[in-house]
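Just below is one structure, and these are the notes that go with it.
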Amino acid sequence: MTASERRDYDLAVIGGGLVGSAIAWGAARRGERVVVLDEGDLAYRASRGNFALVWVQSKGLGMPEYAAWTKRSSDAWYRFADELRAATGYDVAFERPGGFHLCLSEKELEARAAMLRRLHNQPRMVEYPYEILDHDAVAKRLPEIGPAVVGASYCPLDGHCNSLRLLKALHAGMKSEGAAYLANRGVEVVEQRAGEFRIASASGELRAGKVLLAAGNGNARLAPMVGLKAPVRPQRGQIIVTEKVRRFLDYPIATLRQTDEGSVLIGDSVEESGFDDSVGLGVLSTMAARALRMFPRLAALNVVRTWAALRVMTKDGFPVYDQSESCPGAFVATCHSGVTLAAGHALFLAPMLATGALEPELAHFSARRFDVSQAA
Amino acid sequence: MFRRLHEAEGKAVTLTVDGRPIEAREGDSVAAALLAAGIAVCRTTPVSGAPRAPYCMMGVCFECLVTIDGRGNRQACLVRVEPGMAVATQAGKRELGA
């Protein structure tokens, strides 16, 4: 028996969130023997607490390659959702009507317009349309806005989905492709020995030819074990959800959206709070007050729940995709946009992992960029 | 389905349910008045459309949601009947309302 026949799996994916399961599904569809090691209910699970936007506008200032990668994923999202539905029967409720970022003062609107100009003026920036709209132009498409809305940016590429169903569909998809899913397998040690990876958790060790670190904030600890770096930190976001109401909002807003089932989600706060994922009334009331200025009639709705979740954030806010030089076959993938990038992860990144090497277009996303900035 | 234990207690109060007058007793919750009037289904659920009726009668289960005087998703078991109150059963999601 050769070494590769003794291996348990071709690819071990550490992390069963949106990043890990999208790549696991994509790789299993390419014929890879895949295992996914997931943590238990104590994990921070950004994939269960996110806002579910599939968002393009405003991304990539400082790294135009990220704008291009985001657009590529967004452009593939309908195909991704269709293939996922065909494979699993789950409709993840993807819609791409375009999205708004509403501004509540002239100053906000000017800053927004200036930021988008800078973004789109970058060399190598991918081209796509966006508009800066005044109140009346916004009101034509969003009749419920209040007088406090001064204007908005609008991008036709933005959309949203049901991200809990997305996670469920990806899990169903990877299992139906023969991937093994192991819950409660917090990974303690990963090491490469004799050309294969040994992955140890409290319930034993398994072996794989390749390993992908997709453990969110856990990647910071795991990456150095296989000669990689994933300098990520938690960044808290809080979300308010209302009771379900008949559809009144046909477009997602960066900070507010109506789900396919009718709830209104209000979100997009940003706090540096370490691993504290509790909610706080100060931030929640600010979010609610801004939401009411955007859509005054929301005042009639009852809030049914609030929660906080932790984004997985790098210093520059861009993803890390990297392959190890010292441990060939080890990869890392980490981002704070596991929903937006899910299509790209399943359809473009997973085949690269199946082949065994990242394509050159992903070189910009290597964590080596952080070494350069330190030296500069 | 239900009948009152003490007919004598409380004055009669007339309210409407989906435009039809029903008689309740002063002090009744809207949910109790609905059940006493033989109205078992107070709403259908927002996602699957399954029928629902008052259940816990103490504000916990949120099954008895109805529209009261134009405002949706009121807990019928926590609101007392008033003369002339307009109650509407709900089909699916509530309206955003005023």
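How things are named: the first chain in the structure tokens is A, the next is B, and so on; residues count from 1 in each chain; ligands count from 1 in the order shown.
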
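For Met58 of chain B, the non-local neighbours within 12 Å, defined as residues at least 6 positions apart in the same chain or in other chains and counting only C-alpha atoms, are B:Ser29, B:Val30, B:Ala31, B:Ala32, B:Cys64, B:Gln75, B:Ala76, B:Cys77, B:Leu78, B:Val79.
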
Preceding selection exported with N, CA and C atoms as an mmCIF file, in the first residue's frame:
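Generated file (again20.cif):
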data_model
loop_
_atom_site.group_PDB
_atom_site.id
_atom_site.type_symbol
_atom_site.label_atom_id
_atom_site.label_comp_id
_atom_site.auth_asym_id
_atom_site.auth_seq_id
_atom_site.Cartn_x
_atom_site.Cartn_y
_atom_site.Cartn_z
ATOM 1 N N SER B 29 -59.843 38.711 28.218
ATOM 2 C CA SER B 29 -58.795 39.016 27.252
ATOM 3 C C SER B 29 -59.384 38.818 25.857
ATOM 4 N N VAL B 30 -58.752 39.441 24.864
ATOM 5 C CA VAL B 30 -59.230 39.255 23.494
ATOM 6 C C VAL B 30 -59.167 37.781 23.117
ATOM 7 N N ALA B 31 -58.101 37.095 23.566
ATOM 8 C CA ALA B 31 -57.964 35.667 23.235
ATOM 9 C C ALA B 31 -59.121 34.862 23.824
ATOM 10 N N ALA B 32 -59.483 35.150 25.079
ATOM 11 C CA ALA B 32 -60.593 34.429 25.714
ATOM 12 C C ALA B 32 -61.899 34.716 24.986
ATOM 13 N N CYS B 64 -51.146 33.663 19.740
ATOM 14 C CA CYS B 64 -52.463 34.299 19.599
ATOM 15 C C CYS B 64 -52.408 35.660 18.928
ATOM 16 N N GLN B 75 -50.573 40.574 21.071
ATOM 17 C CA GLN B 75 -50.843 39.320 21.786
ATOM 18 C C GLN B 75 -52.259 39.385 22.359
ATOM 19 N N ALA B 76 -53.161 38.625 21.771
ATOM 20 C CA ALA B 76 -54.574 38.719 22.145
ATOM 21 C C ALA B 76 -54.804 38.338 23.605
ATOM 22 N N CYS B 77 -53.941 37.497 24.169
ATOM 23 C CA CYS B 77 -54.151 37.067 25.555
ATOM 24 C C CYS B 77 -53.741 38.136 26.559
ATOM 25 N N LEU B 78 -53.037 39.187 26.095
ATOM 26 C CA LEU B 78 -52.563 40.235 27.014
ATOM 27 C C LEU B 78 -53.334 41.547 26.871
ATOM 28 N N VAL B 79 -54.350 41.548 26.021
ATOM 29 C CA VAL B 79 -55.122 42.771 25.793
ATOM 30 C C VAL B 79 -56.553 42.514 26.253
#

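Taking segment 22-79 of chain B and asking which residues DSSP calls strand (DSSP E or B) on the backbone, you get Ile22, Glu23, Ala24, Arg25, Ser29, Arg43, Thr44, Pro51, Arg52, Leu65, Val66, Thr67, Ile68, Arg71, Gly72, Asn73, Arg74 and Gln75 of chain B.
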
Handout entry: helix (DSSP H, G or I) positions in segment 33-202 of chain A, given as a ChimeraX atom specification
Key = /A:46-48,64-75,77-88,106-121,135-141,163-176

Distance table requested - chain B against chain A, cut-off 9 Å, only C-alpha atoms: one row per qualifying residue with the closest atom pair and its distance in Å to one decimal, ordered by chain and rising residue number, as a Markdown table.
| residue | atom | partner | partner_atom | distance |
| --- | --- | --- | --- | --- |
| B:Pro46 | CA | A:Lys244 | CA | 7.0 |
| B:Val47 | CA | A:Glu261 | CA | 6.2 |
| B:Arg71 | CA | A:Ala300 | CA | 8.1 |
| B:Gly72 | CA | A:Leu301 | CA | 8.9 |
| B:Asn73 | CA | A:Glu243 | CA | 8.5 |
| B:Gly92 | CA | A:Arg246 | CA | 8.2 |
| B:Lys93 | CA | A:Val245 | CA | 4.9 |
| B:Arg94 | CA | A:Val245 | CA | 4.9 |
| B:Glu95 | CA | A:Arg246 | CA | 5.3 |
| B:Leu96 | CA | A:Val245 | CA | 6.0 |
| B:Gly97 | CA | A:Ala300 | CA | 6.8 |
| B:Ala98 | CA | A:Arg297 | CA | 6.5 |

Using only N, CA and C atoms, please write the residues we just selected to a file, as an mmCIF file, in the first residue's frame.
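Final output, result.cif:
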data_model
loop_
_atom_site.group_PDB
_atom_site.id
_atom_site.type_symbol
_atom_site.label_atom_id
_atom_site.label_comp_id
_atom_site.auth_asym_id
_atom_site.auth_seq_id
_atom_site.Cartn_x
_atom_site.Cartn_y
_atom_site.Cartn_z
ATOM 1 N N PRO B 46 -46.377 33.271 9.374
ATOM 2 C CA PRO B 46 -45.814 34.124 8.315
ATOM 3 C C PRO B 46 -45.046 33.369 7.238
ATOM 4 N N VAL B 47 -44.507 32.199 7.513
ATOM 5 C CA VAL B 47 -43.673 31.521 6.526
ATOM 6 C C VAL B 47 -44.413 30.359 5.866
ATOM 7 N N ARG B 71 -53.394 47.620 14.429
ATOM 8 C CA ARG B 71 -51.996 47.324 14.709
ATOM 9 C C ARG B 71 -51.796 45.811 14.765
ATOM 10 N N GLY B 72 -50.869 45.323 13.952
ATOM 11 C CA GLY B 72 -50.676 43.879 13.810
ATOM 12 C C GLY B 72 -49.872 43.257 14.926
ATOM 13 N N ASN B 73 -49.923 41.928 14.997
ATOM 14 C CA ASN B 73 -49.109 41.138 15.925
ATOM 15 C C ASN B 73 -49.292 41.530 17.390
ATOM 16 N N GLY B 92 -50.864 35.310 7.537
ATOM 17 C CA GLY B 92 -49.423 35.463 7.306
ATOM 18 C C GLY B 92 -48.853 36.653 8.047
ATOM 19 N N LYS B 93 -47.919 37.345 7.366
ATOM 20 C CA LYS B 93 -47.198 38.445 8.010
ATOM 21 C C LYS B 93 -48.112 39.626 8.281
ATOM 22 N N ARG B 94 -47.797 40.365 9.334
ATOM 23 C CA ARG B 94 -48.513 41.602 9.606
ATOM 24 C C ARG B 94 -48.101 42.664 8.589
ATOM 25 N N GLU B 95 -48.889 43.720 8.529
ATOM 26 C CA GLU B 95 -48.528 44.888 7.719
ATOM 27 C C GLU B 95 -47.585 45.763 8.528
ATOM 28 N N LEU B 96 -46.773 46.549 7.822
ATOM 29 C CA LEU B 96 -45.901 47.507 8.519
ATOM 30 C C LEU B 96 -46.740 48.472 9.349
ATOM 31 N N GLY B 97 -47.909 48.852 8.833
ATOM 32 C CA GLY B 97 -48.847 49.660 9.621
ATOM 33 C C GLY B 97 -48.434 51.110 9.719
ATOM 34 N N ALA B 98 -49.203 51.835 10.525
ATOM 35 C CA ALA B 98 -48.975 53.284 10.621
ATOM 36 C C ALA B 98 -47.796 53.593 11.530
#

Segment 135-152 of chain A environment, 9 Å, only C-alpha atoms, sequence neighbours closer than 3 positions dropped, as a PDB file with C-alpha atoms, in the first residue's frame:
ATOM      1  CA  PHE A 100     -28.142  51.216  -1.212  1.00  0.00           C
ATOM      2  CA  HIS A 101     -25.913  52.866   1.349  1.00  0.00           C
ATOM      3  CA  LEU A 102     -28.131  55.578   2.855  1.00  0.00           C
ATOM      4  CA  CYS A 103     -26.607  58.829   4.133  1.00  0.00           C
ATOM      5  CA  LEU A 104     -28.257  60.928   6.841  1.00  0.00           C
ATOM      6  CA  SER A 105     -26.376  64.199   6.323  1.00  0.00           C
ATOM      7  CA  GLU A 106     -24.719  66.148   3.520  1.00  0.00           C
ATOM      8  CA  GLU A 108     -21.993  61.688   5.145  1.00  0.00           C
ATOM      9  CA  LEU A 109     -23.030  61.798   1.507  1.00  0.00           C
ATOM     10  CA  ARG A 112     -19.346  58.516   0.720  1.00  0.00           C
ATOM     11  CA  ALA A 113     -19.020  59.994  -2.773  1.00  0.00           C
ATOM     12  CA  GLU A 131     -24.533  55.982  -8.657  1.00  0.00           C
ATOM     13  CA  ILE A 132     -24.712  58.762  -6.095  1.00  0.00           C
ATOM     14  CA  PHE A 248     -42.022  46.729   2.104  1.00  0.00           C
ATOM     15  CA  LEU A 249     -38.347  46.942   1.119  1.00  0.00           C
ATOM     16  CA  ASP A 250     -37.266  45.666  -2.277  1.00  0.00           C
ATOM     17  CA  TYR A 251     -33.559  46.459  -1.916  1.00  0.00           C
ATOM     18  CA  LEU A 292     -35.860  54.934  12.300  1.00  0.00           C
ATOM     19  CA  ARG A 293     -34.510  58.051  10.599  1.00  0.00           C
ATOM     20  CA  MET A 294     -34.061  55.989   7.442  1.00  0.00           C
ATOM     21  CA  PHE A 295     -37.474  54.280   7.650  1.00  0.00           C
ATOM     22  CA  PRO A 296     -39.752  56.048  10.175  1.00  0.00           C
ATOM     23  CA  ARG A 297     -42.514  53.470   9.890  1.00  0.00           C
TER      24      ARG A 297
END

Practice task
Identify, on the basis of only C-alpha atoms, every residue whose closest approach to Glu188 of chain A does not exceed 8 Å; exclude the query and any residue fewer than 4 positions from it along the same chain; express the result as a list in words.
Solution key: Ile199, Ala200, Ser201 and Ala202 of chain A

Exercise for the section: Give me the residues within 12 Å of Arg20 of chain B as a PyMOL selection string, counting only C-alpha atoms and dropping any in the same chain fewer than 3 places off. Expected result: chain B and resi 14-17+23+34+37+39+84-89

Selection above as a file: C-alpha atoms, as a CSV table (one decimal), in the first residue's frame:
chain,number,residue,atom,x,y,z
B,14,THR,CA,-69.4,44.1,22.0
B,15,LEU,CA,-66.4,44.1,19.8
B,16,THR,CA,-65.9,43.1,16.1
B,17,VAL,CA,-63.8,40.3,14.7
B,23,GLU,CA,-70.2,39.5,22.5
B,34,LEU,CA,-62.3,34.8,20.6
B,37,ALA,CA,-67.1,33.0,20.5
B,39,ILE,CA,-63.2,31.5,16.7
B,84,GLY,CA,-66.1,48.8,19.9
B,85,MET,CA,-62.7,47.2,19.6
B,86,ALA,CA,-61.9,46.1,16.0
B,87,VAL,CA,-60.1,42.8,16.0
B,88,ALA,CA,-58.9,41.2,12.8
B,89,THR,CA,-57.5,37.7,12.3

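Using only C-alpha atoms, the residues found no farther than 7 Å from segment 167-182 of chain A, other than those of its own chain fewer than 2 positions away, are Leu18, Ser21, Ala22, Ala24, Trp25, Ala28, Arg29, Arg33, Val34, Val35, Val36, Leu37, Asp38, Leu84, Ala87, Thr88, Tyr90, Ser163, Leu164, Arg165, Asn184 and Arg185 of chain A.
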
Fill in the blank from the handout: Restricting to only C-alpha atoms, whichever of A:Gly329, A:Gly237, A:Gly195, A:Gly282 is closest to Gly49 of chain A is A:Gly237

Practice task
Calculate how many Å separate atom CA of Thr44 of chain B from atom CA of Arg257 of chain A, rounding to one decimal.
Solution key: 23.7 Å

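Computed from the coordinates, the atom CA of Asp316 of chain A to atom CA of Leu119 of chain A distance equals 14.6 Å.
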
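For the pair atom CA of Leu11 of chain A and atom CA of Gly89 of chain A, the separation is 25.6 Å.
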
Practice task
Find the spatial neighbours of Ala46 of chain A, counting only C-alpha atoms, within a cut-off of 10 Å - ignore same-chain residues fewer than 3 positions away - and output them as a list in words.
Solution key: Gly17, Leu18, Ala43, Gly49, Asn50, Phe51, Gly216, Asn217, Pro234, Arg236, Gly237, Ala308, Ala309, Leu310, Arg311, Val312, His336, Ser337 and Gly338 of chain A
